[in-house]
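Student: Got query.cif for you, mmCIF, C-alpha atoms, pLDDT in the B column; chains and numbers go by the auth columns:
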```cif
data_final
loop_
_atom_site.group_PDB
_atom_site.id
_atom_site.type_symbol
_atom_site.label_atom_id
_atom_site.label_comp_id
_atom_site.label_asym_id
_atom_site.label_seq_id
_atom_site.Cartn_x
_atom_site.Cartn_y
_atom_site.Cartn_z
_atom_site.B_iso_or_equiv
_atom_site.auth_seq_id
_atom_site.auth_asym_id
ATOM 1 C CA MET A 1 36.747 62.284 117.507 73.00 18 D
ATOM 2 C CA LYS A 2 40.322 63.427 117.212 78.00 19 D
ATOM 3 C CA LEU A 3 40.712 67.186 117.272 87.00 20 D
ATOM 4 C CA GLU A 4 44.294 68.318 117.709 87.00 21 D
ATOM 5 C CA GLY A 5 46.579 70.773 115.998 93.00 22 D
ATOM 6 C CA GLU A 6 45.454 73.698 113.863 95.00 23 D
ATOM 7 C CA GLN A 7 41.668 74.151 114.020 97.00 24 D
ATOM 8 C CA LYS A 8 39.166 77.025 113.907 97.00 25 D
ATOM 9 C CA LEU A 9 37.387 78.912 116.688 97.00 26 D
ATOM 10 C CA LEU A 10 33.967 80.215 115.703 98.00 27 D
ATOM 11 C CA ARG A 11 32.621 82.921 117.995 98.00 28 D
ATOM 12 C CA ILE A 12 29.036 84.142 117.771 98.00 29 D
ATOM 13 C CA PHE A 13 28.089 87.336 119.634 95.00 30 D
ATOM 14 C CA ILE A 14 24.332 87.656 120.123 94.00 31 D
ATOM 15 C CA GLY A 15 21.834 88.877 122.710 91.00 32 D
ATOM 16 C CA GLU A 16 20.124 86.771 125.347 90.00 33 D
ATOM 17 C CA GLY A 17 16.746 87.830 123.978 90.00 34 D
ATOM 18 C CA ASP A 18 17.477 86.767 120.393 94.00 35 D
ATOM 19 C CA LYS A 19 15.156 84.027 119.157 96.00 36 D
ATOM 20 C CA TRP A 20 15.077 81.406 116.423 97.00 37 D
ATOM 21 C CA GLU A 21 11.743 79.805 115.697 97.00 38 D
ATOM 22 C CA GLY A 22 10.355 80.876 119.086 96.00 39 D
ATOM 23 C CA ARG A 23 13.216 79.643 121.274 97.00 40 D
ATOM 24 C CA PRO A 24 16.496 81.165 122.486 97.00 41 D
ATOM 25 C CA LEU A 25 18.910 81.534 119.584 98.00 42 D
ATOM 26 C CA TYR A 26 21.875 80.261 121.602 98.00 43 D
ATOM 27 C CA GLU A 27 20.011 77.003 122.315 98.00 44 D
ATOM 28 C CA ALA A 28 19.133 76.609 118.635 98.00 45 D
ATOM 29 C CA ILE A 29 22.783 77.133 117.665 98.00 46 D
ATOM 30 C CA VAL A 30 23.994 74.515 120.153 98.00 47 D
ATOM 31 C CA ASP A 31 21.353 72.069 118.904 98.00 48 D
ATOM 32 C CA GLU A 32 22.501 72.671 115.331 97.00 49 D
ATOM 33 C CA THR A 33 26.101 71.871 116.287 98.00 50 D
ATOM 34 C CA LYS A 34 24.887 68.597 117.809 97.00 51 D
ATOM 35 C CA THR A 35 22.891 67.792 114.671 97.00 52 D
ATOM 36 C CA LEU A 36 26.032 68.354 112.583 97.00 53 D
ATOM 37 C CA LYS A 37 28.016 66.138 115.012 95.00 54 D
ATOM 38 C CA MET A 38 30.488 68.921 115.744 96.00 55 D
ATOM 39 C CA ALA A 39 33.082 68.682 118.510 94.00 56 D
ATOM 40 C CA GLY A 40 31.104 70.859 120.943 93.00 57 D
ATOM 41 C CA ALA A 41 29.848 74.322 121.789 96.00 58 D
ATOM 42 C CA THR A 42 29.964 76.550 124.849 97.00 59 D
ATOM 43 C CA VAL A 43 27.546 79.363 125.692 97.00 60 D
ATOM 44 C CA ILE A 44 28.932 82.225 127.779 95.00 61 D
ATOM 45 C CA LYS A 45 26.738 84.921 129.324 92.00 62 D
ATOM 46 C CA GLY A 46 28.300 88.358 129.564 83.00 63 D
ATOM 47 C CA PHE A 47 27.837 90.867 132.373 77.00 64 D
ATOM 48 C CA GLN A 48 28.061 93.952 130.216 73.00 65 D
ATOM 49 C CA GLY A 49 28.540 94.864 126.579 72.00 66 D
ATOM 50 C CA PHE A 50 27.356 96.786 123.565 66.00 67 D
ATOM 51 C CA GLY A 51 27.229 96.193 119.854 67.00 68 D
ATOM 52 C CA CYS A 52 26.771 98.104 116.637 63.00 69 D
ATOM 53 C CA LYS A 53 23.812 100.082 118.030 60.00 70 D
ATOM 54 C CA ALA A 54 25.975 101.235 120.989 53.00 71 D
ATOM 55 C CA HIS A 55 23.219 100.391 123.478 59.00 72 D
ATOM 56 C CA VAL A 56 24.898 99.192 126.698 58.00 73 D
ATOM 57 C CA HIS A 57 23.447 96.041 128.259 55.00 74 D
ATOM 58 C CA THR A 58 24.435 95.546 131.889 59.00 75 D
ATOM 59 C CA ALA A 59 23.687 93.358 134.908 56.00 76 D
ATOM 60 C CA LYS A 60 24.189 96.070 137.548 57.00 77 D
ATOM 61 C CA ILE A 61 22.043 95.565 140.658 52.00 78 D
ATOM 62 C CA LEU A 62 19.915 98.706 140.364 51.00 79 D
ATOM 63 C CA GLU A 63 19.362 98.411 136.630 54.00 80 D
ATOM 64 C CA LEU A 64 17.166 96.042 134.685 55.00 81 D
ATOM 65 C CA SER A 65 19.313 93.351 133.119 60.00 82 D
ATOM 66 C CA TYR A 66 17.685 92.905 129.747 67.00 83 D
ATOM 67 C CA ASP A 67 19.072 91.128 126.708 74.00 84 D
ATOM 68 C CA MET A 68 22.481 90.401 128.193 84.00 85 D
ATOM 69 C CA PRO A 69 25.360 89.629 125.837 90.00 86 D
ATOM 70 C CA ILE A 70 25.799 85.967 124.883 94.00 87 D
ATOM 71 C CA ILE A 71 28.830 84.399 123.198 96.00 88 D
ATOM 72 C CA VAL A 72 28.665 80.937 121.646 98.00 89 D
ATOM 73 C CA GLU A 73 32.110 79.409 121.078 98.00 90 D
ATOM 74 C CA ILE A 74 32.742 76.415 118.853 97.00 91 D
ATOM 75 C CA VAL A 75 36.137 74.847 118.159 97.00 92 D
ATOM 76 C CA ASP A 76 36.219 72.387 115.271 97.00 93 D
ATOM 77 C CA SER A 77 37.804 71.687 111.909 96.00 94 D
ATOM 78 C CA GLU A 78 37.556 74.285 109.169 97.00 95 D
ATOM 79 C CA ALA A 79 35.368 71.912 107.148 96.00 96 D
ATOM 80 C CA ASN A 80 32.855 71.495 109.989 97.00 97 D
ATOM 81 C CA ILE A 81 32.776 75.231 110.697 98.00 98 D
ATOM 82 C CA LYS A 82 32.067 75.897 107.000 97.00 99 D
ATOM 83 C CA ARG A 83 29.123 73.467 107.110 97.00 100 D
ATOM 84 C CA LEU A 84 27.572 75.478 109.965 98.00 101 D
ATOM 85 C CA LEU A 85 28.013 78.948 108.434 98.00 102 D
ATOM 86 C CA PRO A 86 25.032 78.870 106.004 97.00 103 D
ATOM 87 C CA LYS A 87 22.699 77.922 108.865 97.00 104 D
ATOM 88 C CA LEU A 88 24.127 80.731 111.037 97.00 105 D
ATOM 89 C CA ASP A 89 23.601 83.176 108.187 97.00 106 D
ATOM 90 C CA ALA A 90 19.890 82.390 108.366 97.00 107 D
ATOM 91 C CA MET A 91 19.666 82.235 112.163 98.00 108 D
ATOM 92 C CA VAL A 92 21.681 85.285 113.297 97.00 109 D
ATOM 93 C CA LYS A 93 19.627 88.347 112.373 95.00 110 D
ATOM 94 C CA GLU A 94 21.662 90.724 114.522 92.00 111 D
ATOM 95 C CA GLY A 95 25.098 90.071 115.972 93.00 112 D
ATOM 96 C CA LEU A 96 28.704 89.304 115.097 95.00 113 D
ATOM 97 C CA VAL A 97 30.282 86.071 113.886 97.00 114 D
ATOM 98 C CA THR A 98 34.082 85.660 113.863 98.00 115 D
ATOM 99 C CA ILE A 99 36.488 82.874 112.963 98.00 116 D
ATOM 100 C CA GLU A 100 40.079 82.608 114.086 97.00 117 D
ATOM 101 C CA LYS A 101 42.857 80.058 114.033 97.00 118 D
ATOM 102 C CA VAL A 102 43.487 78.082 117.210 96.00 119 D
ATOM 103 C CA HIS A 103 45.933 75.362 118.121 96.00 120 D
ATOM 104 C CA VAL A 104 44.227 72.527 120.008 95.00 121 D
ATOM 105 C CA VAL A 105 46.592 70.896 122.474 94.00 122 D
ATOM 106 C CA ILE A 106 44.185 68.475 124.185 90.00 123 D
ATOM 107 C CA TYR A 107 40.653 67.400 123.296 90.00 124 D
ATOM 108 C CA ARG A 108 39.443 64.285 125.028 85.00 125 D
ATOM 109 C CA ALA A 109 36.438 62.795 126.706 78.00 126 D
ATOM 110 C CA GLY A 110 36.404 60.609 129.794 72.00 127 D
ATOM 111 C CA ALA A 111 36.579 56.851 129.438 64.00 128 D
ATOM 112 C CA GLY A 112 32.923 56.565 130.444 60.00 129 D
ATOM 113 C CA THR A 113 33.662 55.040 133.842 51.00 130 D
ATOM 114 C CA VAL A 114 33.232 56.609 137.225 51.00 131 D
ATOM 115 C CA ARG A 115 36.366 56.523 139.331 50.00 132 D
ATOM 116 C CA SER A 116 35.993 56.140 143.055 50.00 133 D
ATOM 117 C CA LYS A 117 38.456 57.136 145.719 54.00 134 D
ATOM 118 C CA ARG A 118 40.262 54.270 147.369 52.00 135 D
ATOM 119 C CA LYS A 119 40.317 54.125 151.136 53.00 136 D
ATOM 120 C CA ALA A 120 43.808 53.990 152.632 46.00 137 D
#
```
Would you kindly transcribe this structure into structure tokens?

Tutor:
Amino acid sequence: MKLEGEQKLLRIFIGEGDKWEGRPLYEAIVDETKTLKMAGATVIKGFQGFGCKAHVHTAKILELSYDMPIIVEIVDSEANIKRLLPKLDAMVKEGLVTIEKVHVVIYRAGAGTVRSKRKA
């Protein structure tokens, strides 16, 4: 897949405890991107944050870390992002979804071979 130049970055802000059909929502979102043959997705776990309810979620040592912030990032073409949006509308019951323009400089996969170090 060639993915260079002007593309879109989809960012989904949810909670670690959010579910979709009995499993973690972030996993379901990543699986959906694979089903749609999108370029890829990355899940990032936050250390602290709050949303529209202003309830702070934190991973401090002496506090219970419950429902930590999760961000799912997806970079792909505008057309592919638009195909995912209706599914996200159903899946994300509480959270924030943003789209912004990005300029992809490099997007490549390895050649599928393992390189070994040569002995001198």

Student: Specify as a list of chain:residue names each residue included when the PyMOL selection byres ((chain D and resi 120) around 6) is applied to this file.

Tutor: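 On the file shown, the PyMOL selection byres ((chain D and resi 120) around 6) covers D:Gly22, D:Glu23, D:Val119, D:Val121.
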
Student: Restricting the calculation to only C-alpha atoms, which member of D:Glu95, D:Ala126, D:Met55, D:Ile88 is positioned closest to Gly112 in chain D?

Tutor: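 Among D:Glu95, D:Ala126, D:Met55, D:Ile88, it is D:Ile88 that comes nearest to Gly112 in chain D.
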
Student: Mind checking which residues fall within 8 Å of Pro86 in chain D, counting only C-alpha atoms, ignoring those fewer than 3 positions away in the same chain, and posting them as a ChimeraX atom specification?

Tutor: /D:30-33,62-67,74

Student: Could you write out as an MDAnalysis selection string the residues that the PyMOL selection byres ((chain D and resi 98) around 12) matches in the shown file?

Tutor: chainID D and resid 24:29 49:50 53:58 90:97 99:105 114:118

Student: Restricting it to C-alpha atoms, dump the selection as an mmCIF file, in the coordinates of the input.

Tutor:
```cif
data_model
loop_
_atom_site.group_PDB
_atom_site.id
_atom_site.type_symbol
_atom_site.label_atom_id
_atom_site.label_comp_id
_atom_site.auth_asym_id
_atom_site.auth_seq_id
_atom_site.Cartn_x
_atom_site.Cartn_y
_atom_site.Cartn_z
ATOM 1 C CA GLN D 24 41.668 74.151 114.020
ATOM 2 C CA LYS D 25 39.166 77.025 113.907
ATOM 3 C CA LEU D 26 37.387 78.912 116.688
ATOM 4 C CA LEU D 27 33.967 80.215 115.703
ATOM 5 C CA ARG D 28 32.621 82.921 117.995
ATOM 6 C CA ILE D 29 29.036 84.142 117.771
ATOM 7 C CA GLU D 49 22.501 72.671 115.331
ATOM 8 C CA THR D 50 26.101 71.871 116.287
ATOM 9 C CA LEU D 53 26.032 68.354 112.583
ATOM 10 C CA LYS D 54 28.016 66.138 115.012
ATOM 11 C CA MET D 55 30.488 68.921 115.744
ATOM 12 C CA ALA D 56 33.082 68.682 118.510
ATOM 13 C CA GLY D 57 31.104 70.859 120.943
ATOM 14 C CA ALA D 58 29.848 74.322 121.789
ATOM 15 C CA GLU D 90 32.110 79.409 121.078
ATOM 16 C CA ILE D 91 32.742 76.415 118.853
ATOM 17 C CA VAL D 92 36.137 74.847 118.159
ATOM 18 C CA ASP D 93 36.219 72.387 115.271
ATOM 19 C CA SER D 94 37.804 71.687 111.909
ATOM 20 C CA GLU D 95 37.556 74.285 109.169
ATOM 21 C CA ALA D 96 35.368 71.912 107.148
ATOM 22 C CA ASN D 97 32.855 71.495 109.989
ATOM 23 C CA LYS D 99 32.067 75.897 107.000
ATOM 24 C CA ARG D 100 29.123 73.467 107.110
ATOM 25 C CA LEU D 101 27.572 75.478 109.965
ATOM 26 C CA LEU D 102 28.013 78.948 108.434
ATOM 27 C CA PRO D 103 25.032 78.870 106.004
ATOM 28 C CA LYS D 104 22.699 77.922 108.865
ATOM 29 C CA LEU D 105 24.127 80.731 111.037
ATOM 30 C CA VAL D 114 30.282 86.071 113.886
ATOM 31 C CA THR D 115 34.082 85.660 113.863
ATOM 32 C CA ILE D 116 36.488 82.874 112.963
ATOM 33 C CA GLU D 117 40.079 82.608 114.086
ATOM 34 C CA LYS D 118 42.857 80.058 114.033
#
```

Student: Enclose range 34-47 of chain D, meaning all of its atoms listed in the file, in a box aligned along x, y and z, pad it by 6 Å on each side, and list the centre and edge lengths in Å to one decimal, as AutoDock Vina command-line options.

Tutor:
```
--center_x 17.2 --center_y 81.2 --center_z 119.8 --size_x 25.6 --size_y 25.3 --size_z 20.3
```

Student: If you measure from CA of Ile123 in chain D to CA of Thr59 in chain D, what distance in Å do you get, rounded to one decimal?

Tutor: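 It comes out at 16.4 Å.
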